[in-house]
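**Q** Structure supplied as start_36.csv; contents: CSV, C-alpha atoms.
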chain,number,residue,atom,x,y,z
G,472,MET,CA,3.1,-64.9,47.5
G,473,ALA,CA,5.9,-63.5,45.4
G,474,GLN,CA,7.5,-65.5,42.7
G,475,ASN,CA,11.0,-66.9,43.1
G,476,ILE,CA,12.7,-66.3,39.8
G,477,THR,CA,15.8,-68.5,39.7
G,478,LYS,CA,17.2,-67.4,36.3
G,479,SER,CA,17.3,-63.9,34.9
G,480,ALA,CA,16.6,-63.0,31.3
G,481,LYS,CA,20.3,-62.1,31.1
G,482,ASP,CA,21.3,-65.6,32.3
G,483,ILE,CA,19.1,-67.3,29.7
G,484,VAL,CA,20.4,-65.1,26.9
G,485,LYS,CA,24.0,-65.8,28.0
G,486,ALA,CA,23.4,-69.5,28.0
G,487,ALA,CA,21.8,-69.3,24.5
G,488,LEU,CA,24.8,-67.3,23.2
G,489,THR,CA,27.1,-70.2,24.3
G,490,LYS,CA,25.0,-72.8,22.4
G,491,VAL,CA,24.3,-71.0,19.1
G,492,PRO,CA,27.0,-70.4,16.6
G,493,ALA,CA,27.6,-66.7,15.9
G,494,ILE,CA,28.4,-64.8,12.8
G,495,SER,CA,29.8,-61.3,12.9
G,496,VAL,CA,28.2,-58.5,11.0
G,497,ASP,CA,31.4,-58.2,8.9
G,498,ALA,CA,31.0,-61.8,7.8
G,499,ALA,CA,27.2,-61.5,7.3
G,500,LEU,CA,27.3,-58.3,5.2
G,501,PRO,CA,28.5,-60.0,1.9
G,502,LEU,CA,25.8,-62.7,2.4
G,503,VAL,CA,22.9,-60.4,1.6
G,504,GLY,CA,21.2,-61.7,-1.6
G,505,SER,CA,23.1,-65.0,-1.4
G,506,ASP,CA,21.4,-68.1,-2.6
G,507,THR,CA,22.9,-70.0,0.3
G,508,HIS,CA,21.7,-67.9,3.3
G,509,VAL,CA,18.4,-66.7,4.6
G,510,PHE,CA,18.3,-63.7,7.0
G,511,VAL,CA,15.5,-63.9,9.6
G,512,ASP,CA,14.3,-60.8,11.4
G,513,LEU,CA,13.0,-61.7,14.8
G,514,ARG,CA,11.9,-58.2,15.8
G,515,ASP,CA,8.2,-57.3,15.9
G,516,GLY,CA,6.5,-55.4,13.1
G,517,THR,CA,6.7,-52.1,14.8
G,518,GLU,CA,10.5,-52.3,15.1
G,519,GLN,CA,10.8,-53.5,11.5
G,520,SER,CA,8.6,-50.6,10.2
G,521,LYS,CA,10.6,-48.1,12.2
G,522,THR,CA,14.1,-49.1,11.2
G,523,GLY,CA,13.6,-51.3,8.1
G,524,MET,CA,14.9,-54.8,7.5
G,525,ILE,CA,18.0,-56.4,5.9
G,526,PRO,CA,17.1,-56.7,2.2
G,527,GLY,CA,15.5,-60.0,1.4
G,528,ALA,CA,15.1,-61.0,5.1
G,529,VAL,CA,12.1,-63.1,6.3
G,530,ALA,CA,10.0,-61.4,8.9
G,531,SER,CA,9.3,-63.8,11.7
G,532,SER,CA,8.6,-62.1,15.0
G,533,ARG,CA,9.9,-63.9,18.1
G,534,GLY,CA,6.3,-64.7,19.1
G,535,MET,CA,5.5,-66.5,15.8
G,536,MET,CA,8.8,-68.0,14.8
G,537,GLU,CA,8.0,-71.6,16.0
G,538,PHE,CA,4.8,-71.6,14.0
G,539,HIS,CA,6.5,-70.2,10.9
G,540,ILE,CA,9.2,-73.0,11.1
G,541,ASP,CA,6.8,-75.9,11.7
G,542,PRO,CA,5.6,-77.3,8.3
G,543,GLU,CA,2.5,-78.7,10.0
G,544,SER,CA,1.4,-75.2,11.2
G,545,PRO,CA,-1.1,-73.2,9.2
G,546,ALA,CA,1.3,-70.2,9.7
G,547,HIS,CA,4.3,-72.1,8.2
G,548,LYS,CA,6.5,-70.0,6.0
G,549,PRO,CA,8.1,-71.9,3.1
G,550,GLU,CA,11.2,-69.9,3.5
G,551,PHE,CA,12.0,-72.1,6.4
G,552,ASN,CA,11.9,-75.3,4.3
G,553,GLN,CA,15.1,-74.7,2.3
G,554,ASP,CA,18.5,-76.3,2.3
G,555,LYS,CA,20.2,-73.0,3.4
G,556,THR,CA,21.9,-71.4,6.3
G,557,TYR,CA,19.6,-69.3,8.5
G,558,VAL,CA,21.1,-66.1,9.9
G,559,PHE,CA,18.9,-64.9,12.8
G,560,TYR,CA,19.0,-61.3,14.0
G,561,CYS,CA,17.1,-58.9,16.2
G,562,ALA,CA,17.9,-55.4,17.6
G,563,SER,CA,21.0,-56.4,19.5
G,564,GLY,CA,21.4,-60.2,19.4
G,565,GLY,CA,19.6,-61.4,22.6
G,566,ARG,CA,16.2,-62.4,21.2
G,567,SER,CA,17.7,-63.8,18.1
G,568,ALA,CA,20.0,-66.0,20.2
G,569,LEU,CA,17.0,-67.3,22.1
G,570,ALA,CA,15.1,-67.9,18.9
G,571,ALA,CA,18.0,-69.6,17.2
G,572,GLN,CA,18.4,-72.0,20.1
G,573,VAL,CA,14.7,-72.9,19.8
G,574,ALA,CA,14.9,-73.2,16.0
G,575,MET,CA,17.9,-75.6,16.5
G,576,ASP,CA,15.9,-77.6,19.0
G,577,MET,CA,13.1,-77.9,16.4
G,578,GLY,CA,15.6,-79.3,13.9
G,579,LEU,CA,16.3,-76.2,11.7
G,580,SER,CA,19.9,-76.4,10.6
G,581,PRO,CA,22.3,-74.7,10.2
G,582,VAL,CA,21.4,-71.7,12.2
G,583,LEU,CA,23.6,-68.7,13.1
G,584,ASN,CA,23.0,-65.7,15.4
G,585,MET,CA,24.2,-62.4,14.0
G,586,SER,CA,26.2,-60.8,16.8
G,587,GLY,CA,25.1,-57.3,17.7
G,588,GLY,CA,21.9,-57.4,15.6
G,589,VAL,CA,20.6,-54.4,13.7
G,590,ALA,CA,22.5,-52.0,15.9
G,591,ALA,CA,25.8,-53.5,14.8
G,592,TRP,CA,24.5,-53.9,11.2
G,593,LYS,CA,23.8,-50.1,10.9
G,594,LYS,CA,27.1,-49.2,12.6
G,595,ALA,CA,28.9,-51.3,10.0
G,596,GLY,CA,27.1,-49.5,7.1
G,597,GLY,CA,24.7,-52.4,6.4
G,598,THR,CA,21.6,-51.5,4.3
G,599,LEU,CA,18.1,-51.6,5.7
G,600,THR,CA,15.0,-51.3,3.5
What does the file become when written as structure tokens?

**A**
Amino acid sequence: MAQNITKSAKDIVKAALTKVPAISVDAALPLVGSDTHVFVDLRDGTEQSKTGMIPGAVASSRGMMEFHIDPESPAHKPEFNQDKTYVFYCASGGRSALAAQVAMDMGLSPVLNMSGGVAAWKKAGGTLT
């Protein structure tokens, strides 16, 4: 019997984008190296190796993010236990919106989704290392 999928991935991303506050690349660019913001790269390691990451960003693939945030998890990353604003990004903004929504549901705050992701970052002249 075939599955009856009632929501598309596009629908779920669209819903997340309405719930998660966004930050434009232009507003995010000057925040690199800031002591008040943490950039979080939700792409997998292959993507990160291929294109690089925003300088100082925390690598937290979409599949491990919940475990990195949870202070009770053996995989917890202390970068998620700071009084800072978290700027989530991925390749184009969809996965990071989903991840940001989950992070907010877990209690991480404040969280922003960087609109357009790495694609927009590179187009705006943002540095990747």

**Q** Can you build me a table of range 523-576 of chain G residues sitting at most 6 Å from range 503-517 of chain G, with the closest atom pair per residue and its distance in Å to one decimal, using only C-alpha atoms, sorted by chain and residue number, as a Markdown table?

**A**
| residue | atom | partner | partner_atom | distance |
| --- | --- | --- | --- | --- |
| G:Ala528 | CA | G:Phe510 | CA | 4.6 |
| G:Val529 | CA | G:Val511 | CA | 4.8 |
| G:Ala530 | CA | G:Asp512 | CA | 5.0 |
| G:Ser531 | CA | G:Leu513 | CA | 5.3 |
| G:Ser532 | CA | G:Leu513 | CA | 4.4 |
| G:Arg533 | CA | G:Leu513 | CA | 5.0 |
| G:Lys555 | CA | G:Thr507 | CA | 5.1 |
| G:Thr556 | CA | G:His508 | CA | 4.6 |
| G:Tyr557 | CA | G:Val509 | CA | 4.8 |
| G:Val558 | CA | G:Phe510 | CA | 4.7 |
| G:Phe559 | CA | G:Val511 | CA | 4.8 |
| G:Tyr560 | CA | G:Asp512 | CA | 5.4 |
| G:Cys561 | CA | G:Leu513 | CA | 5.2 |

**Q** Taking all atoms listed in the file into account, name the residue in G:Lys521, G:Lys490, G:Lys594, G:Arg566 that is nearest to Val582 in chain G.

**A**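 Checking each candidate against Val582 in chain G, we get G:Lys490 as the closest.
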
**Q** Just the residues within 9 Å of Ala493 in chain G, please, counting only C-alpha atoms, with nothing from its chain fewer than 3 positions along; format it as number ranges by chain.

**A** G: 488, 558, 568, 582-586

**Q** Take CA of Ala487 in chain G and CA of Leu569 in chain G and report the distance between them in Å, one decimal.

**A**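 These atoms are spaced 5.7 Å apart.
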
**Q** Distance CA of Ile483 in chain G-CA of Ala574 in chain G, one decimal place?

**A** 15.5 Å

**Q** Quick check, in Å to one decimal: how far apart do CA of Ala591 in chain G and CA of Met536 in chain G lie?

**A**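 Those two atoms sit 22.3 Å apart.
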
**Q** Just the residues within 10 Å of Asp541 in chain G, please, counting all atoms listed in the file, with nothing from its chain fewer than 3 positions along; format it as a CSV table (one decimal) with C-alpha atoms, keeping the file's coordinate frame.

**A**
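So result.csv came out as:
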chain,number,residue,atom,x,y,z
G,536,MET,CA,8.8,-68.0,14.8
G,537,GLU,CA,8.0,-71.6,16.0
G,538,PHE,CA,4.8,-71.6,14.0
G,544,SER,CA,1.4,-75.2,11.2
G,545,PRO,CA,-1.1,-73.2,9.2
G,546,ALA,CA,1.3,-70.2,9.7
G,547,HIS,CA,4.3,-72.1,8.2
G,548,LYS,CA,6.5,-70.0,6.0
G,549,PRO,CA,8.1,-71.9,3.1
G,551,PHE,CA,12.0,-72.1,6.4
G,552,ASN,CA,11.9,-75.3,4.3
G,574,ALA,CA,14.9,-73.2,16.0
G,577,MET,CA,13.1,-77.9,16.4
G,578,GLY,CA,15.6,-79.3,13.9
G,579,LEU,CA,16.3,-76.2,11.7

**Q** Contacts of Gly587 in chain G at 9 Å or less, counting all atoms listed in the file, minus same-chain residues fewer than 4 places along, as a list in words?

**A**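 Surrounding residues, per the criterion: Ser495, Val496, Tyr560, Cys561, Ala562, Ser563, Gly564, Gly565, Ala591 and Trp592 of chain G.
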
**Q** Which residues, written as number ranges by chain, have at least one atom at most 8 Å from Gly523 in chain G, with only C-alpha atoms counted and residues fewer than 5 positions away on the same chain left out?

**A** G: 518, 599-600

**Q** Quick one: of G:Gln519, G:Gln572, G:Ser479, G:Gln553, who's nearest to Val589 in chain G, counting all atoms listed in the file?

**A**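 Using all atoms listed in the file, the shortest distance to Val589 in chain G belongs to G:Gln519.
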
**Q** Please determine, counting all atoms listed in the file, which residue among G:Ile540, G:Ala473, G:Ala486, G:Ala595 has the shortest atom-to-atom distance to Ser580 in chain G.

**A**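 Using all atoms listed in the file, the shortest distance to Ser580 in chain G belongs to G:Ile540.
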